[in-house]
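*Asks:* Here it is, the structure in full.
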Amino acid sequence: MRANAESILEVRDLVKHFPLTQGVVVKRQIGAIKAVDGVSFDLHRGETLGVVGESGCGKSTLAKLLMALERPTSGSVRVNGKDITAARGAELKRMRRNIQMVMQDPYTSLNPRMTVGDIVGEPFEIHSDVVPKEGRRRRVQELLEVVGLNPDHINRYPHQFSGGQRQRIGIARGLALQPEIIICDEPVSALDVSIQAQVMNLLERLQNEFDLAYIFIAHDLSVVRHISDRVAVMYLGKIVELGSDAEIYDAPTHPYTQALLSAVPVPDPDGRDRRQRIILQGDPPSPANPPSGCHFRTRCWKAQDICAEQTPALEVRPGSDHPSACHFAEARDVVNAQ
Amino acid sequence: MTEVLSEQTGRGAHSGALLEVDNLHVEFRTRAGVAKAVNGVTYSVDAGETLAVLGESGSGKSVTAQTIMGILDMPPGKITGGEIRFRGVDLLKLPEDQRRKIRGESVSMIFQDALSSLNPVFPVGWQIAEMFRMHRGSSRSDAKKKAVELMDRVRIPAAKDRVNDFPHQFSGGMRQRIMIAMAIALDPEILIADEPTTALDVTVQAQIMGLLAELQRDSNMGLILITHDLGVVADVADKIAVMYGGRIVENAPVHDLYKTPAHPYSKGLLESIPRVDQKGQELYAIKGLPPNLLEMPPGCAFHPRCPYRRDNCVTEVPPLYTISGTRGSACHYWREVIDEGER
């Protein structure tokens with residue numbers, strides 16, 4: 001990662017509430033699912049920002065907001081300085097070219113009735129000025145080659161490929177419009193261990209080759225550490241800690257990050273009896289009715305009265321050099337502490 | 001159940017391990033051909049011991065477990081050879097009514113996806129209590145009382161109030177606890193856990209693995225943990241059997257396997273996983289794809305992907321070579337793999 005590189009994506013106070021309604025004919029709003037509840041961060045050119053959190057923390061909704069597949073309740077997403085949430089029509093279409101997505105499940109995200117050539121070439125149908133019609137087939141073959149597939153397989157159907165190869169097809173489709181930003185939503189979690197490494201190496205190679213910026217969403221913390229330059233930890237719609245990979249993994253300050261990291265099994269049986277585990281009680285609360293103040297306080301061992309009264313801001317706190325949303329932030333190495 | 005077995009063997013009369021799978025062969029007859037899912041698997045578990053069966057999808061790890069439980073779909077599945085001995089009695093030769101008594105009472109199983117394993121139209125308490133009604137002939141009220149006790153034991157908060165709730169009203173972690181409650185209801189001697197935490201978040205995974213370890217300690221169960229997660233295995237296993245293409249390619253005590261893997265596949269797997277405690281450069285990737293069970297490669301099933309391949313790997317199926325009393329590797333060149341493998 002180049003330090004102080006220019007930001008190509010600026011997210012400010014992004015909020016998405018899904019209304020909860022009651023009644024069949026006359027719908028009344030009785031509440032809201034606060035899926036994303038005030039998220040701000042920057043993404044620099046050519047870097048990877050990992051987003052980790054458990055199911056229901058809002059990371060996939062965040063991805064949809066960045067892609068402008070959902071309209072935010074409030075807040076802004078600036079791509080190269082232009083707000084994508086305010087864009088409409090032709091302008092939105094043009095902006096979307098720059099930000100593409102790789103989905104989690106390569107079995108359902110590819111149309112089984114389309115050939116690989118049609119799937120990877122479909123972006124060119126929509127953005128017809130990118131490659132002239134005559135050149136499209138060649139361009140698709142080039143893309144297949146770039147992601148490590150045989151260009152002669154252009155007329156095959158998705159079911160003729162394995163899971164890892166299908167994910168490569170999805171990546172080729174994401175690359176077709178030469179975007180600067182690719183959002184990867186759990187791109188390797190459906191794959192076998194030996195195939196995961198192949199796909200992650202491919203993503204890293206493509207990043208260097210095309211100077212791509214990734215938002216890498218995953219629940220597997222080891223995968224995120226491997227690929228990310230910076231990591232954002234989400235809990236119930238908010239970022240609770242944000243820092244470089246070393247800051248988050250070696251000196252986490254938020255209790256939730258510490259608990260999350262200490263729960264990750266380390267693939268090394270030596271010293272497993274001495275390893276200290278922070279085991280959280282219960283499940284995350286419902287995002288429809290999050291606790292007051294700090295959302296994490298109901299499962300936190302440090303919680304005091306202030307945690308229920310004041311929502312801690314995501315800011316740099318004394319004793320640490322990266323922002324953390326905890327009143328009692330304190331660095332503690334839980335991964336290597338043995 | 002004990003009566004069933006004592007009739008035939010006299011309890012404790014046999015000398016082997018509690019549960020032994022011996023040279024098991026299972027195949028599936030499909031329209032596309034015969035898929036050889038399990039090709040001569042041998043492993044054993046003793047009381048209080050944790051065996052981890054490690055493998056990727058299609059390696060035959062779940063089919064082996066289903067065959068132990070006697071819940072394999074037949075047809076298309078067919079057991080073509082081998083024995084599964086529980087306390088010395090071959091389960092595959094028992095008639096179904098006796099088999100049924102063993103299932104759940106002596107050997108029980110939990111599955112990956114708790115939501116689809118529970119019946120959505122009955123309360124969870126009813127489903128747990130079914131174990132006592134069916135196997136023990138308890139009355140409904142007795143059985144329900146025991147169900148509440150079990151829900152307490154697997155730490156479901158406010159068990160008394162939740163006993164009449166339906167599966168969809170529970171979170172993923174709680175549902176898995178209910179599955180565990182059903183599995184341990186009759187104090188089984190062997191518990192098979194098939195990817196018990198794969199569908200769960202990491203903090204919930206830690207809760208569930210902690211619970212399993214505690215239950216195992218309390219009742220001295222033998223645990224067969226089927227998983228693809230090398231991290232979970234390193235945390236809980238005593239010994240490991242690595243499966244590939246329906247065979248065991250390596251078995252070893254847990255520390256040996258992580259320190260000096262003796263099969264190129266296990267070695268490749270260990271090198272290909274990213275780790276939370278260190279940031280590596282490029283990951284080692286095992287090239288190629290897992291084998292197609294319909295067209296298994298000749299010789300060693302791993303040879304198309306193997307960096308140690310020689311000519312005889314293509315023609316000779318490697319037997320499980322004995323490395324020491326507790327270790328084995330199905331690689332012709334295991335010595336080389338170990339020598340190079342000091343990590």
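In the structure tokens, each chain is lettered A, B, ... as it comes, each chain's residues begin at 1, and ligands are numbered from 1 in order of appearance.
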Could you build a table of the residues in chain A lying no more than 7 Å from chain B, giving for each the nearest pair of atoms and their separation in Å rounded to one decimal place, using only C-alpha atoms, ordered by chain and ascending residue number, as a Markdown table?

*Replies:*
```
| residue | atom | partner | partner_atom | distance |
| --- | --- | --- | --- | --- |
| A:Glu54 | CA | B:Asp201 | CA | 5.8 |
| A:Ser55 | CA | B:Asp201 | CA | 6.8 |
| A:Asp192 | CA | B:Glu56 | CA | 6.0 |
| A:Ser194 | CA | B:Ile286 | CA | 5.8 |
| A:Ala197 | CA | B:Ala285 | CA | 5.2 |
| A:Gln198 | CA | B:Ala285 | CA | 5.4 |
| A:Asn201 | CA | B:Glu282 | CA | 6.4 |
| A:Leu221 | CA | B:Val276 | CA | 6.4 |
| A:Ser222 | CA | B:Val276 | CA | 4.2 |
| A:Val223 | CA | B:Pro274 | CA | 5.7 |
| A:Arg225 | CA | B:Val276 | CA | 6.3 |
| A:His226 | CA | B:Lys279 | CA | 5.6 |
| A:Leu260 | CA | B:Thr203 | CA | 6.0 |
| A:Ala263 | CA | B:Thr203 | CA | 5.6 |
| A:Val264 | CA | B:Val202 | CA | 6.4 |
| A:Pro265 | CA | B:Gly231 | CA | 4.5 |
| A:Val266 | CA | B:Gly231 | CA | 4.9 |
| A:Pro267 | CA | B:Gly231 | CA | 3.9 |
| A:Asp268 | CA | B:Ala234 | CA | 5.4 |
| A:Pro269 | CA | B:Ala234 | CA | 4.5 |
| A:Asp270 | CA | B:His255 | CA | 6.9 |
| A:Arg272 | CA | B:Asp235 | CA | 6.0 |
| A:Ile279 | CA | B:Gln207 | CA | 6.5 |
| A:Leu280 | CA | B:Thr203 | CA | 6.6 |
| A:Val335 | CA | B:Asp277 | CA | 5.8 |
| A:Asn336 | CA | B:Asp277 | CA | 6.4 |
```

*Asks:* Write the residues of the selection above to a file with N, CA and C atoms, as a CSV table (one decimal), in the first residue's frame.

*Replies:*
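New file out_6.csv:
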```
chain,number,residue,atom,x,y,z
A,54,GLU,N,-19.7,-10.4,12.2
A,54,GLU,CA,-20.5,-11.6,12.2
A,54,GLU,C,-21.7,-11.4,11.3
A,55,SER,N,-22.5,-12.5,11.1
A,55,SER,CA,-23.7,-12.3,10.3
A,55,SER,C,-24.6,-11.3,11.0
A,192,ASP,N,-13.4,-24.8,-1.2
A,192,ASP,CA,-12.6,-25.7,-0.4
A,192,ASP,C,-11.2,-25.1,-0.1
A,194,SER,N,-8.1,-25.9,-0.3
A,194,SER,CA,-7.0,-25.9,-1.3
A,194,SER,C,-7.3,-25.0,-2.5
A,197,ALA,N,-6.8,-20.8,-1.6
A,197,ALA,CA,-5.5,-20.2,-1.7
A,197,ALA,C,-5.3,-19.8,-3.2
A,198,GLN,N,-5.8,-20.6,-4.1
A,198,GLN,CA,-5.7,-20.3,-5.6
A,198,GLN,C,-6.4,-19.0,-5.9
A,201,ASN,N,-4.7,-15.9,-4.2
A,201,ASN,CA,-3.5,-15.5,-5.0
A,201,ASN,C,-3.8,-14.8,-6.3
A,221,LEU,N,-11.3,-14.3,9.7
A,221,LEU,CA,-10.4,-13.3,10.0
A,221,LEU,C,-9.0,-13.6,9.5
A,222,SER,N,-8.7,-14.9,9.3
A,222,SER,CA,-7.3,-15.2,8.8
A,222,SER,C,-7.2,-14.8,7.3
A,223,VAL,N,-8.3,-15.0,6.6
A,223,VAL,CA,-8.3,-14.6,5.2
A,223,VAL,C,-8.2,-13.1,5.0
A,225,ARG,N,-6.9,-11.0,7.2
A,225,ARG,CA,-5.5,-10.5,7.5
A,225,ARG,C,-4.6,-10.7,6.3
A,226,HIS,N,-4.7,-11.9,5.7
A,226,HIS,CA,-3.8,-12.2,4.6
A,226,HIS,C,-3.8,-11.2,3.5
A,260,LEU,N,-13.3,-11.4,19.1
A,260,LEU,CA,-13.4,-12.0,17.8
A,260,LEU,C,-12.1,-12.7,17.5
A,263,ALA,N,-11.2,-15.8,19.4
A,263,ALA,CA,-12.1,-17.0,19.1
A,263,ALA,C,-11.6,-17.7,17.9
A,264,VAL,N,-10.7,-17.1,17.1
A,264,VAL,CA,-10.3,-17.7,15.9
A,264,VAL,C,-9.4,-18.9,16.2
A,265,PRO,N,-9.7,-20.1,15.8
A,265,PRO,CA,-8.8,-21.2,16.0
A,265,PRO,C,-7.5,-21.0,15.3
A,266,VAL,N,-6.4,-21.2,16.0
A,266,VAL,CA,-5.1,-21.1,15.3
A,266,VAL,C,-4.6,-22.5,14.9
A,267,PRO,N,-4.3,-22.7,13.6
A,267,PRO,CA,-4.0,-24.0,13.1
A,267,PRO,C,-2.6,-24.5,13.6
A,268,ASP,N,-2.4,-24.6,14.9
A,268,ASP,CA,-1.2,-25.1,15.5
A,268,ASP,C,-1.5,-25.7,16.9
A,269,PRO,N,-1.4,-27.0,17.0
A,269,PRO,CA,-1.8,-27.5,18.3
A,269,PRO,C,-0.9,-27.2,19.5
A,270,ASP,N,0.3,-26.7,19.2
A,270,ASP,CA,1.2,-26.4,20.3
A,270,ASP,C,0.7,-25.3,21.2
A,272,ARG,N,-2.0,-25.2,22.9
A,272,ARG,CA,-3.5,-24.9,22.8
A,272,ARG,C,-4.1,-24.9,24.2
A,279,ILE,N,-14.5,-15.9,25.6
A,279,ILE,CA,-15.7,-16.4,25.0
A,279,ILE,C,-16.9,-15.5,25.3
A,280,LEU,N,-17.5,-14.9,24.3
A,280,LEU,CA,-18.6,-14.0,24.5
A,280,LEU,C,-19.9,-14.8,24.9
A,335,VAL,N,-3.9,-12.4,20.0
A,335,VAL,CA,-3.6,-13.5,19.0
A,335,VAL,C,-2.3,-14.2,19.4
A,336,ASN,N,-1.3,-13.4,19.8
A,336,ASN,CA,0.0,-14.0,20.1
A,336,ASN,C,0.2,-14.2,21.6
```

*Asks:* Which residues, written as a PyMOL selection string, have at least one atom at most 6 Å from region 302-317 of chain A, with only C-alpha atoms counted and residues fewer than 6 positions away on the same chain left out?

*Replies:* chain A and resi 292-294+323-327

*Asks:* Could you write out, as a CSV table (one decimal) with C-alpha atoms, in the first residue's frame, all the residues of region 106-199 of chain A that DSSP marks as alpha helix (DSSP H)?

*Replies:*
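states.csv, written as the output of this step:
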```
chain,number,residue,atom,x,y,z
A,116,VAL,CA,-19.2,-18.3,-20.1
A,117,GLY,CA,-18.6,-16.0,-23.0
A,118,ASP,CA,-22.1,-14.4,-22.6
A,119,ILE,CA,-21.6,-14.0,-18.8
A,120,VAL,CA,-18.3,-12.3,-19.0
A,121,GLY,CA,-19.3,-10.3,-22.1
A,122,GLU,CA,-22.6,-9.1,-20.7
A,123,PRO,CA,-21.1,-5.9,-19.2
A,124,PHE,CA,-20.1,-4.9,-22.7
A,125,GLU,CA,-23.8,-5.2,-23.8
A,126,ILE,CA,-24.8,-2.7,-21.1
A,136,ARG,CA,-15.8,-8.3,-27.7
A,137,ARG,CA,-15.2,-12.0,-28.2
A,138,ARG,CA,-11.5,-11.5,-28.2
A,139,ARG,CA,-11.6,-9.3,-25.2
A,140,VAL,CA,-13.6,-11.9,-23.3
A,141,GLN,CA,-11.0,-14.5,-24.2
A,142,GLU,CA,-8.3,-12.2,-23.0
A,143,LEU,CA,-10.2,-11.8,-19.7
A,144,LEU,CA,-10.5,-15.6,-19.3
A,145,GLU,CA,-6.8,-15.9,-19.8
A,146,VAL,CA,-6.1,-13.2,-17.2
A,163,GLY,CA,-16.4,-24.0,-7.8
A,164,GLY,CA,-13.0,-22.4,-7.9
A,165,GLN,CA,-13.2,-22.0,-11.7
A,166,ARG,CA,-16.7,-20.5,-11.4
A,167,GLN,CA,-15.4,-17.9,-9.0
A,168,ARG,CA,-12.7,-17.1,-11.6
A,169,ILE,CA,-15.6,-16.5,-14.1
A,170,GLY,CA,-17.2,-14.1,-11.6
A,171,ILE,CA,-13.9,-12.3,-11.2
A,172,ALA,CA,-13.5,-12.0,-15.0
A,173,ARG,CA,-16.9,-10.5,-15.2
A,174,GLY,CA,-16.0,-8.0,-12.5
A,175,LEU,CA,-12.8,-7.0,-14.4
A,193,VAL,CA,-9.4,-24.9,1.5
A,194,SER,CA,-7.0,-25.9,-1.3
A,195,ILE,CA,-9.0,-23.8,-3.8
A,196,GLN,CA,-9.3,-20.8,-1.5
A,197,ALA,CA,-5.5,-20.2,-1.7
A,198,GLN,CA,-5.7,-20.3,-5.6
A,199,VAL,CA,-8.4,-17.6,-5.7
```

*Asks:* CA of Arg103 (chain B) to CA of Ile184 (chain B): how many Å, to one decimal?

*Replies:* 11.7 Å

*Asks:* Give me, as a PyMOL selection string, all polymer residues having an atom no more than 10 Å from Leu320 (chain B), counting only C-alpha atoms and skipping those fewer than 5 positions away in the same chain.

*Replies:* chain B and resi 42+247-251+327-332

*Asks:* Skip Phe216 (chain A) itself and residues of its chain fewer than 6 positions away, then list as an MDAnalysis selection string all residues within 8 Å of it, counting only C-alpha atoms.

*Replies:* chainID A and resid 48:51 183:186 224 228

*Asks:* Do you know which residues are at most 12 Å from Met234 (chain A) counting only C-alpha atoms, after dropping those on the same chain fewer than 5 positions away, and could you put them as a short mmCIF file (atom, residue, chain, number, x, y, z; two decimals) with all heavy atoms, in the first residue's frame?

*Replies:*
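Generated output (selection24.cif):
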```cif
data_model
loop_
_atom_site.label_atom_id
_atom_site.label_comp_id
_atom_site.auth_asym_id
_atom_site.auth_seq_id
_atom_site.Cartn_x
_atom_site.Cartn_y
_atom_site.Cartn_z
N ALA A 35 -29.53 -1.52 9.68
CA ALA A 35 -28.52 -2.41 9.11
C ALA A 35 -27.15 -1.74 9.05
O ALA A 35 -26.14 -2.33 9.41
CB ALA A 35 -28.95 -2.86 7.72
N VAL A 36 -27.13 -0.51 8.56
CA VAL A 36 -25.89 0.27 8.56
C VAL A 36 -26.23 1.56 9.27
O VAL A 36 -27.18 2.24 8.91
CB VAL A 36 -25.39 0.53 7.12
CG1 VAL A 36 -24.20 1.47 7.13
CG2 VAL A 36 -25.02 -0.78 6.44
N ASP A 37 -25.45 1.89 10.29
CA ASP A 37 -25.88 2.95 11.20
C ASP A 37 -24.77 3.96 11.43
O ASP A 37 -24.25 4.09 12.53
CB ASP A 37 -26.31 2.27 12.51
CG ASP A 37 -27.26 3.15 13.31
OD1 ASP A 37 -27.74 4.14 12.75
OD2 ASP A 37 -27.50 2.83 14.49
N GLY A 38 -24.38 4.66 10.36
CA GLY A 38 -23.36 5.69 10.52
C GLY A 38 -21.97 5.15 10.31
O GLY A 38 -21.22 4.95 11.25
N VAL A 39 -21.64 4.88 9.05
CA VAL A 39 -20.33 4.31 8.73
C VAL A 39 -19.54 5.32 7.89
O VAL A 39 -20.07 5.87 6.93
CB VAL A 39 -20.50 2.98 7.97
CG1 VAL A 39 -19.21 2.57 7.28
CG2 VAL A 39 -20.96 1.88 8.92
N SER A 40 -18.29 5.57 8.26
CA SER A 40 -17.42 6.46 7.50
C SER A 40 -16.05 5.82 7.32
O SER A 40 -15.52 5.26 8.27
CB SER A 40 -17.21 7.79 8.24
OG SER A 40 -18.44 8.38 8.56
N GLY A 50 -10.22 -4.59 4.37
CA GLY A 50 -10.99 -5.74 4.81
C GLY A 50 -12.12 -5.29 5.72
O GLY A 50 -11.93 -4.40 6.54
N VAL A 51 -13.29 -5.87 5.56
CA VAL A 51 -14.40 -5.59 6.46
C VAL A 51 -14.80 -6.91 7.11
O VAL A 51 -15.18 -7.85 6.43
CB VAL A 51 -15.61 -4.99 5.70
CG1 VAL A 51 -16.76 -4.73 6.65
CG2 VAL A 51 -15.22 -3.71 4.99
N VAL A 52 -14.67 -6.98 8.45
CA VAL A 52 -15.03 -8.22 9.15
C VAL A 52 -16.15 -7.95 10.13
O VAL A 52 -16.35 -6.85 10.60
CB VAL A 52 -13.85 -8.84 9.92
CG1 VAL A 52 -12.79 -9.34 8.98
CG2 VAL A 52 -13.27 -7.86 10.91
N GLY A 53 -16.88 -8.99 10.42
CA GLY A 53 -17.98 -8.90 11.37
C GLY A 53 -18.81 -10.15 11.25
O GLY A 53 -18.67 -10.90 10.30
N GLU A 54 -19.69 -10.36 12.23
CA GLU A 54 -20.49 -11.57 12.20
C GLU A 54 -21.73 -11.38 11.34
O GLU A 54 -22.03 -10.27 10.91
CB GLU A 54 -20.89 -11.92 13.64
CG GLU A 54 -19.70 -12.28 14.48
CD GLU A 54 -20.10 -12.58 15.90
OE1 GLU A 54 -20.32 -11.63 16.67
OE2 GLU A 54 -20.20 -13.75 16.25
N SER A 55 -22.48 -12.46 11.13
CA SER A 55 -23.67 -12.32 10.30
C SER A 55 -24.64 -11.34 10.95
O SER A 55 -24.79 -11.32 12.16
CB SER A 55 -24.33 -13.67 10.07
OG SER A 55 -24.25 -14.48 11.21
N GLY A 56 -25.24 -10.49 10.14
CA GLY A 56 -26.18 -9.51 10.67
C GLY A 56 -25.55 -8.20 11.08
O GLY A 56 -26.23 -7.31 11.55
N CYS A 57 -24.23 -8.04 10.89
CA CYS A 57 -23.61 -6.79 11.33
C CYS A 57 -23.71 -5.70 10.27
O CYS A 57 -23.34 -4.57 10.51
CB CYS A 57 -22.15 -7.01 11.71
SG CYS A 57 -21.07 -7.25 10.31
N GLY A 58 -24.22 -6.04 9.09
CA GLY A 58 -24.44 -5.01 8.08
C GLY A 58 -23.39 -4.94 7.01
O GLY A 58 -23.40 -4.02 6.19
N LYS A 59 -22.47 -5.91 6.95
CA LYS A 59 -21.40 -5.78 5.97
C LYS A 59 -21.89 -5.97 4.54
O LYS A 59 -21.43 -5.29 3.63
CB LYS A 59 -20.22 -6.70 6.31
CG LYS A 59 -20.54 -8.14 6.61
CD LYS A 59 -19.30 -8.82 7.22
CE LYS A 59 -19.37 -10.33 7.15
NZ LYS A 59 -20.53 -10.93 7.79
N SER A 60 -22.87 -6.84 4.33
CA SER A 60 -23.37 -7.02 2.97
C SER A 60 -24.26 -5.86 2.53
O SER A 60 -24.24 -5.46 1.36
CB SER A 60 -24.14 -8.34 2.83
OG SER A 60 -23.24 -9.42 2.93
N THR A 61 -25.01 -5.28 3.47
CA THR A 61 -25.79 -4.09 3.14
C THR A 61 -24.84 -2.95 2.76
O THR A 61 -25.11 -2.20 1.81
CB THR A 61 -26.66 -3.66 4.33
OG1 THR A 61 -27.46 -4.77 4.71
CG2 THR A 61 -27.54 -2.49 3.98
N LEU A 62 -23.74 -2.85 3.48
CA LEU A 62 -22.74 -1.84 3.15
C LEU A 62 -22.27 -2.02 1.71
O LEU A 62 -22.19 -1.05 0.95
CB LEU A 62 -21.55 -1.96 4.13
CG LEU A 62 -20.38 -1.02 3.87
CD1 LEU A 62 -20.80 0.42 4.11
CD2 LEU A 62 -19.19 -1.37 4.75
N ILE A 217 -14.92 -8.18 1.92
CA ILE A 217 -15.82 -8.49 3.03
C ILE A 217 -15.74 -9.97 3.34
O ILE A 217 -15.85 -10.80 2.44
CB ILE A 217 -17.27 -8.13 2.63
CG1 ILE A 217 -17.36 -6.64 2.38
CG2 ILE A 217 -18.26 -8.58 3.69
CD1 ILE A 217 -18.68 -6.19 1.84
N ALA A 218 -15.50 -10.32 4.60
CA ALA A 218 -15.40 -11.74 4.94
C ALA A 218 -15.64 -11.92 6.42
O ALA A 218 -15.49 -10.98 7.21
CB ALA A 218 -14.03 -12.29 4.56
N HIS A 219 -16.01 -13.13 6.80
CA HIS A 219 -16.13 -13.39 8.23
C HIS A 219 -14.90 -14.15 8.72
O HIS A 219 -14.71 -14.30 9.91
CB HIS A 219 -17.41 -14.17 8.53
CG HIS A 219 -17.37 -15.56 7.99
ND1 HIS A 219 -17.65 -15.85 6.68
CD2 HIS A 219 -17.02 -16.72 8.57
CE1 HIS A 219 -17.50 -17.15 6.49
NE2 HIS A 219 -17.10 -17.70 7.61
N ILE A 239 -18.89 0.69 12.51
CA ILE A 239 -17.49 0.28 12.56
C ILE A 239 -17.01 0.53 13.99
O ILE A 239 -17.13 1.64 14.49
CB ILE A 239 -16.64 1.06 11.55
CG1 ILE A 239 -17.03 0.66 10.13
CG2 ILE A 239 -15.15 0.78 11.77
CD1 ILE A 239 -16.25 1.37 9.04
N VAL A 240 -16.51 -0.52 14.64
CA VAL A 240 -16.06 -0.33 16.03
C VAL A 240 -14.55 -0.12 16.11
O VAL A 240 -14.05 0.40 17.09
CB VAL A 240 -16.48 -1.49 16.94
CG1 VAL A 240 -18.00 -1.57 17.05
CG2 VAL A 240 -15.92 -2.81 16.47
N GLU A 241 -13.83 -0.53 15.08
CA GLU A 241 -12.39 -0.32 15.10
C GLU A 241 -11.88 -0.33 13.67
O GLU A 241 -12.36 -1.09 12.83
CB GLU A 241 -11.70 -1.41 15.92
CG GLU A 241 -10.25 -1.11 16.20
CD GLU A 241 -9.67 -1.97 17.33
OE1 GLU A 241 -10.41 -2.75 17.92
OE2 GLU A 241 -8.47 -1.84 17.59
N LEU A 242 -10.91 0.54 13.40
CA LEU A 242 -10.39 0.66 12.04
C LEU A 242 -8.89 0.90 12.13
O LEU A 242 -8.45 1.78 12.87
CB LEU A 242 -11.08 1.85 11.35
CG LEU A 242 -10.71 2.21 9.92
CD1 LEU A 242 -11.18 1.13 8.98
CD2 LEU A 242 -11.38 3.53 9.54
N HIS A 254 -10.53 -2.50 20.83
CA HIS A 254 -11.94 -2.66 21.14
C HIS A 254 -12.20 -4.06 21.69
O HIS A 254 -11.70 -5.03 21.13
CB HIS A 254 -12.78 -2.41 19.89
CG HIS A 254 -14.22 -2.17 20.20
ND1 HIS A 254 -15.09 -3.17 20.55
CD2 HIS A 254 -14.96 -1.03 20.22
CE1 HIS A 254 -16.30 -2.65 20.77
NE2 HIS A 254 -16.24 -1.35 20.58
N TYR A 256 -14.66 -5.98 21.42
CA TYR A 256 -15.27 -6.91 20.45
C TYR A 256 -14.21 -7.48 19.52
O TYR A 256 -14.18 -8.68 19.25
CB TYR A 256 -16.36 -6.20 19.64
CG TYR A 256 -16.96 -7.09 18.59
CD1 TYR A 256 -17.67 -8.23 18.95
CD2 TYR A 256 -16.80 -6.82 17.23
CE1 TYR A 256 -18.22 -9.08 17.99
CE2 TYR A 256 -17.34 -7.65 16.27
CZ TYR A 256 -18.05 -8.78 16.66
OH TYR A 256 -18.58 -9.61 15.71
N THR A 257 -13.31 -6.61 19.04
CA THR A 257 -12.23 -7.09 18.18
C THR A 257 -11.39 -8.13 18.92
O THR A 257 -11.02 -9.16 18.37
CB THR A 257 -11.32 -5.92 17.76
OG1 THR A 257 -12.14 -4.84 17.36
CG2 THR A 257 -10.40 -6.31 16.62
N LEU A 260 -13.34 -11.36 19.12
CA LEU A 260 -13.42 -11.98 17.79
C LEU A 260 -12.09 -12.66 17.46
O LEU A 260 -12.04 -13.81 17.03
CB LEU A 260 -13.70 -10.86 16.79
CG LEU A 260 -14.37 -11.18 15.47
CD1 LEU A 260 -15.70 -11.86 15.70
CD2 LEU A 260 -14.59 -9.89 14.69
N PRO A 284 -25.45 -11.79 19.14
CA PRO A 284 -25.60 -10.35 18.94
C PRO A 284 -27.07 -9.95 19.07
O PRO A 284 -27.95 -10.69 18.65
CB PRO A 284 -25.11 -10.14 17.50
CG PRO A 284 -24.31 -11.33 17.18
CD PRO A 284 -24.85 -12.46 17.99
N HIS A 295 -23.34 -0.31 21.31
CA HIS A 295 -24.13 -1.49 20.93
C HIS A 295 -23.57 -2.78 21.52
O HIS A 295 -24.27 -3.76 21.64
CB HIS A 295 -24.14 -1.64 19.40
CG HIS A 295 -25.01 -0.64 18.72
ND1 HIS A 295 -25.82 0.23 19.41
CD2 HIS A 295 -25.23 -0.37 17.40
CE1 HIS A 295 -26.47 1.00 18.55
NE2 HIS A 295 -26.12 0.65 17.33
N PHE A 296 -22.29 -2.77 21.86
CA PHE A 296 -21.65 -4.00 22.30
C PHE A 296 -21.77 -4.21 23.81
O PHE A 296 -21.46 -5.27 24.32
CB PHE A 296 -20.17 -3.99 21.88
CG PHE A 296 -19.44 -5.27 22.18
CD1 PHE A 296 -19.84 -6.47 21.61
CD2 PHE A 296 -18.35 -5.28 23.04
CE1 PHE A 296 -19.18 -7.64 21.89
CE2 PHE A 296 -17.68 -6.45 23.32
CZ PHE A 296 -18.09 -7.64 22.74
N LEU A 314 -16.03 6.77 17.00
CA LEU A 314 -14.87 6.07 16.42
C LEU A 314 -13.75 7.09 16.30
O LEU A 314 -13.73 7.89 15.37
CB LEU A 314 -15.24 5.49 15.05
CG LEU A 314 -14.14 4.71 14.32
CD1 LEU A 314 -13.78 3.45 15.06
CD2 LEU A 314 -14.57 4.37 12.91
N SER A 324 -10.88 3.74 17.56
CA SER A 324 -11.61 2.66 18.19
C SER A 324 -12.85 3.26 18.86
O SER A 324 -12.78 4.33 19.45
CB SER A 324 -10.71 1.99 19.23
OG SER A 324 -11.47 1.14 20.06
N ALA A 325 -13.98 2.56 18.76
CA ALA A 325 -15.21 3.09 19.35
C ALA A 325 -15.48 2.45 20.69
O ALA A 325 -16.46 1.73 20.86
CB ALA A 325 -16.38 2.88 18.39
#
```

*Asks:* Using only C-alpha atoms, which protein or nucleic acid residues come within 10 Å of Met179 (chain B)? Drop anything in the same chain fewer than 2 positions from it, and give the result as a list in words.

*Replies:*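 Non-adjacent residues within range: Met109, Ile110, Phe111, Gln112, Asp113, Ala114, Leu115, Ser117, Leu118, Val124, Gln127, Ile128, Val154, Gly173, Met174, Arg175, Gln176, Arg177, Ala181, Met182, Ala183, Ile184, Ala185 and Pro196 of chain B.
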
*Asks:* For each of A:Ile154, A:Met95, A:Leu191, A:Ala213, take the minimum atom-to-atom distance to Leu177 (chain A), counting only C-alpha atoms, then give the residue where this is smallest.

*Replies:*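 Using only C-alpha atoms, the shortest distance to Leu177 (chain A) belongs to A:Met95.
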
*Asks:* What's around Arg97 (chain A) at 12 Å? Count only C-alpha atoms, leave out sequence neighbours fewer than 3 positions away in its own chain, and write the answer as a count of residues only.

*Replies:* 28

*Asks:* Rounded to one decimal, what separation in Å do you get between CA of Arg99 (chain B) and CA of Gly125 (chain B)?

*Replies:* 25.2 Å

*Asks:* CA of Gly23 (chain A) to CA of Leu236 (chain A): how many Å, to one decimal?

*Replies:* 26.9 Å

*Asks:* Counting only C-alpha atoms, which residue out of A:Arg28, A:Lys64, A:Arg78, A:Arg71 sits closest to Arg12 (chain A)?

*Replies:*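 With only C-alpha atoms as the atom set, the closest residue is A:Arg78.
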